[in-house]
Amino acid sequence: MAPMPRPDYRRLRAALLAALLLPAATFAEPELCRVSFSSGAHLLLPVARTWQEQQDGLSGRLDAGPGLLFVWEEAAVRALWMKNTYIPLSAAFIDGEGRVLDIVDMTAASEDRHSSSAPVHAAIELAQGDFSRHGIKPGDIATIHCAADKP
């Protein structure tokens, strides 16, 4: 029987090192925005700006984490849905003046569309019940500060 070839430990070590470093090099930290409300509540949220980020939303996750902020350049009536989202969420729609227009509860894994009652520039998704826990309600004013928005 022929002897087994010795493994090339240098190549193995390089492959392991590359595998460990690849995730850190491939995935950037999400952009975070601070949202302050007239009620006194403050949230630090990752922001979904691109079409793909907004399509993905919080889908596929088992918890809502800190939530998610959606920001759009142009005001429009916007709709959110829960396809492939396995946790119940609530969404707040925010108009161009920063006013929370609506807060809607959304059922997990539902394809029902939940639309804003008027054109909005932003929306926030949180775990269901978190808006009331933070004292946030329709009529409150939200101020959004994102590092990427500064010159």
# chains A, B, ... in the order shown; residues from 1 in each chain; ligands from 1
>>> residues_around(residues="Glu53 (chain A)", least_positions_apart="6", cutoff="12 Å", atoms="only C-alpha atoms", output="list in words")
Pro30, Glu31, Pro46, Val47, Ser59, Leu68, Leu69, Phe70, Val71 and Trp72 of chain A
>>> write_last_selection(atoms="N, CA and C atoms", output="short mmCIF file (atom, residue, chain, number, x, y, z; two decimals), in the first residue's frame")
data_model
loop_
_atom_site.label_atom_id
_atom_site.label_comp_id
_atom_site.auth_asym_id
_atom_site.auth_seq_id
_atom_site.Cartn_x
_atom_site.Cartn_y
_atom_site.Cartn_z
N PRO A 30 -23.68 47.96 8.27
CA PRO A 30 -24.82 48.73 7.74
C PRO A 30 -24.74 50.18 8.18
N GLU A 31 -25.26 51.06 7.34
CA GLU A 31 -25.37 52.47 7.71
C GLU A 31 -26.43 52.59 8.80
N PRO A 46 -30.58 50.54 11.34
CA PRO A 46 -29.96 50.40 10.02
C PRO A 46 -30.93 50.92 8.97
N VAL A 47 -30.39 51.45 7.88
CA VAL A 47 -31.25 52.05 6.85
C VAL A 47 -31.20 51.23 5.56
N SER A 59 -36.92 40.38 5.87
CA SER A 59 -37.33 39.02 5.50
C SER A 59 -36.24 38.00 5.82
N LEU A 68 -35.75 48.47 11.21
CA LEU A 68 -35.20 48.90 9.93
C LEU A 68 -35.87 50.21 9.51
N LEU A 69 -35.07 51.13 9.00
CA LEU A 69 -35.54 52.41 8.48
C LEU A 69 -35.49 52.36 6.95
N PHE A 70 -36.59 52.71 6.31
CA PHE A 70 -36.65 52.84 4.86
C PHE A 70 -36.66 54.33 4.54
N VAL A 71 -35.83 54.75 3.58
CA VAL A 71 -35.78 56.15 3.18
C VAL A 71 -35.91 56.23 1.66
N TRP A 72 -36.80 57.13 1.20
CA TRP A 72 -37.00 57.33 -0.23
C TRP A 72 -36.73 58.79 -0.57
#
>>> residues_around(residues="Phe131 (chain A)", least_positions_apart="6", cutoff="12 Å", atoms="only C-alpha atoms", output="VMD selection string")
chain A and resid 37 39 41 to 43 66 to 67 89 to 93 100 102 to 105 124 to 125 137 to 138 140
>>> write_last_selection(atoms="C-alpha atoms", output="mmCIF file, in the first residue's frame")
data_model
loop_
_atom_site.group_PDB
_atom_site.id
_atom_site.type_symbol
_atom_site.label_atom_id
_atom_site.label_comp_id
_atom_site.auth_asym_id
_atom_site.auth_seq_id
_atom_site.Cartn_x
_atom_site.Cartn_y
_atom_site.Cartn_z
ATOM 1 C CA PHE A 37 -39.248 61.484 18.200
ATOM 2 C CA SER A 39 -42.298 61.877 22.395
ATOM 3 C CA ALA A 41 -37.960 58.235 22.145
ATOM 4 C CA HIS A 42 -34.708 57.628 20.247
ATOM 5 C CA LEU A 43 -33.937 54.715 17.917
ATOM 6 C CA PRO A 66 -33.272 46.990 16.237
ATOM 7 C CA GLY A 67 -35.722 47.304 13.322
ATOM 8 C CA LEU A 89 -43.867 43.598 12.693
ATOM 9 C CA SER A 90 -45.361 47.060 12.941
ATOM 10 C CA ALA A 91 -44.561 49.852 10.514
ATOM 11 C CA ALA A 92 -44.697 53.624 10.954
ATOM 12 C CA PHE A 93 -45.042 55.783 7.840
ATOM 13 C CA VAL A 100 -45.770 59.843 11.866
ATOM 14 C CA ASP A 102 -49.816 55.798 10.427
ATOM 15 C CA ILE A 103 -48.638 52.830 12.464
ATOM 16 C CA VAL A 104 -49.835 49.499 11.097
ATOM 17 C CA ASP A 105 -49.494 45.978 12.493
ATOM 18 C CA ILE A 124 -39.773 52.268 10.122
ATOM 19 C CA GLU A 125 -40.324 48.576 10.799
ATOM 20 C CA LYS A 137 -47.777 57.184 18.122
ATOM 21 C CA PRO A 138 -49.328 58.791 15.030
ATOM 22 C CA ASP A 140 -45.419 62.416 16.684
#
>>> atom_distance(atom1="CA of Ala118 (chain A)", atom2="CA of Ile94 (chain A)")
9.3 Å
>>> atom_distance(atom1="CA of Gly129 (chain A)", atom2="CA of Ala75 (chain A)")
26.4 Å
>>> select_by_dssp(residues="region 49-132 of chain A", states="alpha helix (DSSP H)", output="JSON, numbers by chain")
{"A": [51, 52, 53, 54, 55, 56, 130, 131, 132]}
>>> closest_residue(among="A:Asp56, A:Ile87, A:Arg49, A:Leu101", to="Ile136 (chain A)", atoms="only C-alpha atoms")
A:Leu101
>>> atom_distance(atom1="CA of Pro119 (chain A)", atom2="CA of Gly57 (chain A)")
19.7 Å
>>> decode(residues="region 83-115 of chain A", atoms="N, CA and C atoms", output="PDB file, in the first residue's frame")
ATOM      1  N   LYS A  83     -43.988  39.128   2.989  1.00  0.00           N
ATOM      2  CA  LYS A  83     -43.579  37.886   2.331  1.00  0.00           C
ATOM      3  C   LYS A  83     -42.193  37.474   2.833  1.00  0.00           C
ATOM      4  N   ASN A  84     -42.054  36.224   3.244  1.00  0.00           N
ATOM      5  CA  ASN A  84     -40.798  35.654   3.757  1.00  0.00           C
ATOM      6  C   ASN A  84     -40.303  36.331   5.035  1.00  0.00           C
ATOM      7  N   THR A  85     -41.183  37.017   5.734  1.00  0.00           N
ATOM      8  CA  THR A  85     -40.846  37.626   7.027  1.00  0.00           C
ATOM      9  C   THR A  85     -41.609  36.840   8.079  1.00  0.00           C
ATOM     10  N   TYR A  86     -40.874  36.219   8.995  1.00  0.00           N
ATOM     11  CA  TYR A  86     -41.456  35.214   9.887  1.00  0.00           C
ATOM     12  C   TYR A  86     -41.778  35.720  11.283  1.00  0.00           C
ATOM     13  N   ILE A  87     -41.673  37.013  11.477  1.00  0.00           N
ATOM     14  CA  ILE A  87     -41.970  37.614  12.779  1.00  0.00           C
ATOM     15  C   ILE A  87     -42.980  38.738  12.581  1.00  0.00           C
ATOM     16  N   PRO A  88     -43.938  38.905  13.486  1.00  0.00           N
ATOM     17  CA  PRO A  88     -44.900  39.998  13.322  1.00  0.00           C
ATOM     18  C   PRO A  88     -44.213  41.350  13.540  1.00  0.00           C
ATOM     19  N   LEU A  89     -44.474  42.267  12.638  1.00  0.00           N
ATOM     20  CA  LEU A  89     -43.867  43.598  12.693  1.00  0.00           C
ATOM     21  C   LEU A  89     -44.946  44.664  12.699  1.00  0.00           C
ATOM     22  N   SER A  90     -44.543  45.861  13.104  1.00  0.00           N
ATOM     23  CA  SER A  90     -45.361  47.060  12.941  1.00  0.00           C
ATOM     24  C   SER A  90     -44.547  48.033  12.109  1.00  0.00           C
ATOM     25  N   ALA A  91     -45.238  48.868  11.354  1.00  0.00           N
ATOM     26  CA  ALA A  91     -44.561  49.852  10.514  1.00  0.00           C
ATOM     27  C   ALA A  91     -45.155  51.228  10.759  1.00  0.00           C
ATOM     28  N   ALA A  92     -44.281  52.226  10.848  1.00  0.00           N
ATOM     29  CA  ALA A  92     -44.697  53.624  10.954  1.00  0.00           C
ATOM     30  C   ALA A  92     -44.323  54.310   9.653  1.00  0.00           C
ATOM     31  N   PHE A  93     -45.278  55.025   9.068  1.00  0.00           N
ATOM     32  CA  PHE A  93     -45.042  55.783   7.840  1.00  0.00           C
ATOM     33  C   PHE A  93     -44.838  57.249   8.224  1.00  0.00           C
ATOM     34  N   ILE A  94     -43.777  57.876   7.674  1.00  0.00           N
ATOM     35  CA  ILE A  94     -43.363  59.226   8.070  1.00  0.00           C
ATOM     36  C   ILE A  94     -43.369  60.138   6.847  1.00  0.00           C
ATOM     37  N   ASP A  95     -44.101  61.254   6.943  1.00  0.00           N
ATOM     38  CA  ASP A  95     -44.200  62.170   5.794  1.00  0.00           C
ATOM     39  C   ASP A  95     -42.981  63.089   5.712  1.00  0.00           C
ATOM     40  N   GLY A  96     -42.988  63.966   4.712  1.00  0.00           N
ATOM     41  CA  GLY A  96     -41.857  64.854   4.463  1.00  0.00           C
ATOM     42  C   GLY A  96     -41.600  65.861   5.564  1.00  0.00           C
ATOM     43  N   GLU A  97     -42.592  66.107   6.413  1.00  0.00           N
ATOM     44  CA  GLU A  97     -42.417  67.012   7.547  1.00  0.00           C
ATOM     45  C   GLU A  97     -41.947  66.273   8.794  1.00  0.00           C
ATOM     46  N   GLY A  98     -41.787  64.951   8.677  1.00  0.00           N
ATOM     47  CA  GLY A  98     -41.354  64.150   9.817  1.00  0.00           C
ATOM     48  C   GLY A  98     -42.502  63.622  10.663  1.00  0.00           C
ATOM     49  N   ARG A  99     -43.725  63.881  10.270  1.00  0.00           N
ATOM     50  CA  ARG A  99     -44.898  63.449  11.044  1.00  0.00           C
ATOM     51  C   ARG A  99     -45.167  61.967  10.839  1.00  0.00           C
ATOM     52  N   VAL A 100     -45.361  61.244  11.938  1.00  0.00           N
ATOM     53  CA  VAL A 100     -45.770  59.843  11.866  1.00  0.00           C
ATOM     54  C   VAL A 100     -47.244  59.844  11.469  1.00  0.00           C
ATOM     55  N   LEU A 101     -47.527  59.407  10.257  1.00  0.00           N
ATOM     56  CA  LEU A 101     -48.904  59.414   9.756  1.00  0.00           C
ATOM     57  C   LEU A 101     -49.696  58.215  10.256  1.00  0.00           C
ATOM     58  N   ASP A 102     -49.119  57.043  10.111  1.00  0.00           N
ATOM     59  CA  ASP A 102     -49.816  55.798  10.427  1.00  0.00           C
ATOM     60  C   ASP A 102     -48.846  54.833  11.089  1.00  0.00           C
ATOM     61  N   ILE A 103     -49.375  53.989  11.965  1.00  0.00           N
ATOM     62  CA  ILE A 103     -48.638  52.830  12.464  1.00  0.00           C
ATOM     63  C   ILE A 103     -49.542  51.632  12.222  1.00  0.00           C
ATOM     64  N   VAL A 104     -49.040  50.670  11.455  1.00  0.00           N
ATOM     65  CA  VAL A 104     -49.835  49.499  11.097  1.00  0.00           C
ATOM     66  C   VAL A 104     -49.170  48.231  11.631  1.00  0.00           C
ATOM     67  N   ASP A 105     -49.987  47.294  12.092  1.00  0.00           N
ATOM     68  CA  ASP A 105     -49.494  45.978  12.493  1.00  0.00           C
ATOM     69  C   ASP A 105     -49.568  45.059  11.290  1.00  0.00           C
ATOM     70  N   MET A 106     -48.524  44.255  11.092  1.00  0.00           N
ATOM     71  CA  MET A 106     -48.451  43.367   9.937  1.00  0.00           C
ATOM     72  C   MET A 106     -48.262  41.927  10.417  1.00  0.00           C
ATOM     73  N   THR A 107     -48.994  41.021   9.801  1.00  0.00           N
ATOM     74  CA  THR A 107     -48.965  39.611  10.157  1.00  0.00           C
ATOM     75  C   THR A 107     -47.782  38.923   9.486  1.00  0.00           C
ATOM     76  N   ALA A 108     -47.073  38.088  10.229  1.00  0.00           N
ATOM     77  CA  ALA A 108     -45.922  37.363   9.696  1.00  0.00           C
ATOM     78  C   ALA A 108     -46.316  36.533   8.481  1.00  0.00           C
ATOM     79  N   ALA A 109     -45.423  36.481   7.499  1.00  0.00           N
ATOM     80  CA  ALA A 109     -45.541  35.654   6.295  1.00  0.00           C
ATOM     81  C   ALA A 109     -46.776  35.974   5.451  1.00  0.00           C
ATOM     82  N   SER A 110     -47.330  37.154   5.601  1.00  0.00           N
ATOM     83  CA  SER A 110     -48.506  37.557   4.827  1.00  0.00           C
ATOM     84  C   SER A 110     -48.062  38.361   3.604  1.00  0.00           C
ATOM     85  N   GLU A 111     -48.803  38.232   2.522  1.00  0.00           N
ATOM     86  CA  GLU A 111     -48.535  39.047   1.338  1.00  0.00           C
ATOM     87  C   GLU A 111     -49.492  40.226   1.241  1.00  0.00           C
ATOM     88  N   ASP A 112     -50.268  40.471   2.314  1.00  0.00           N
ATOM     89  CA  ASP A 112     -51.140  41.647   2.348  1.00  0.00           C
ATOM     90  C   ASP A 112     -50.280  42.904   2.295  1.00  0.00           C
ATOM     91  N   ARG A 113     -50.716  43.868   1.503  1.00  0.00           N
ATOM     92  CA  ARG A 113     -49.987  45.133   1.384  1.00  0.00           C
ATOM     93  C   ARG A 113     -50.549  46.123   2.407  1.00  0.00           C
ATOM     94  N   HIS A 114     -49.643  46.821   3.081  1.00  0.00           N
ATOM     95  CA  HIS A 114     -50.014  47.834   4.071  1.00  0.00           C
ATOM     96  C   HIS A 114     -49.494  49.168   3.538  1.00  0.00           C
ATOM     97  N   SER A 115     -50.412  50.038   3.147  1.00  0.00           N
ATOM     98  CA  SER A 115     -50.028  51.285   2.487  1.00  0.00           C
ATOM     99  C   SER A 115     -50.147  52.479   3.423  1.00  0.00           C
TER     100      SER A 115
END
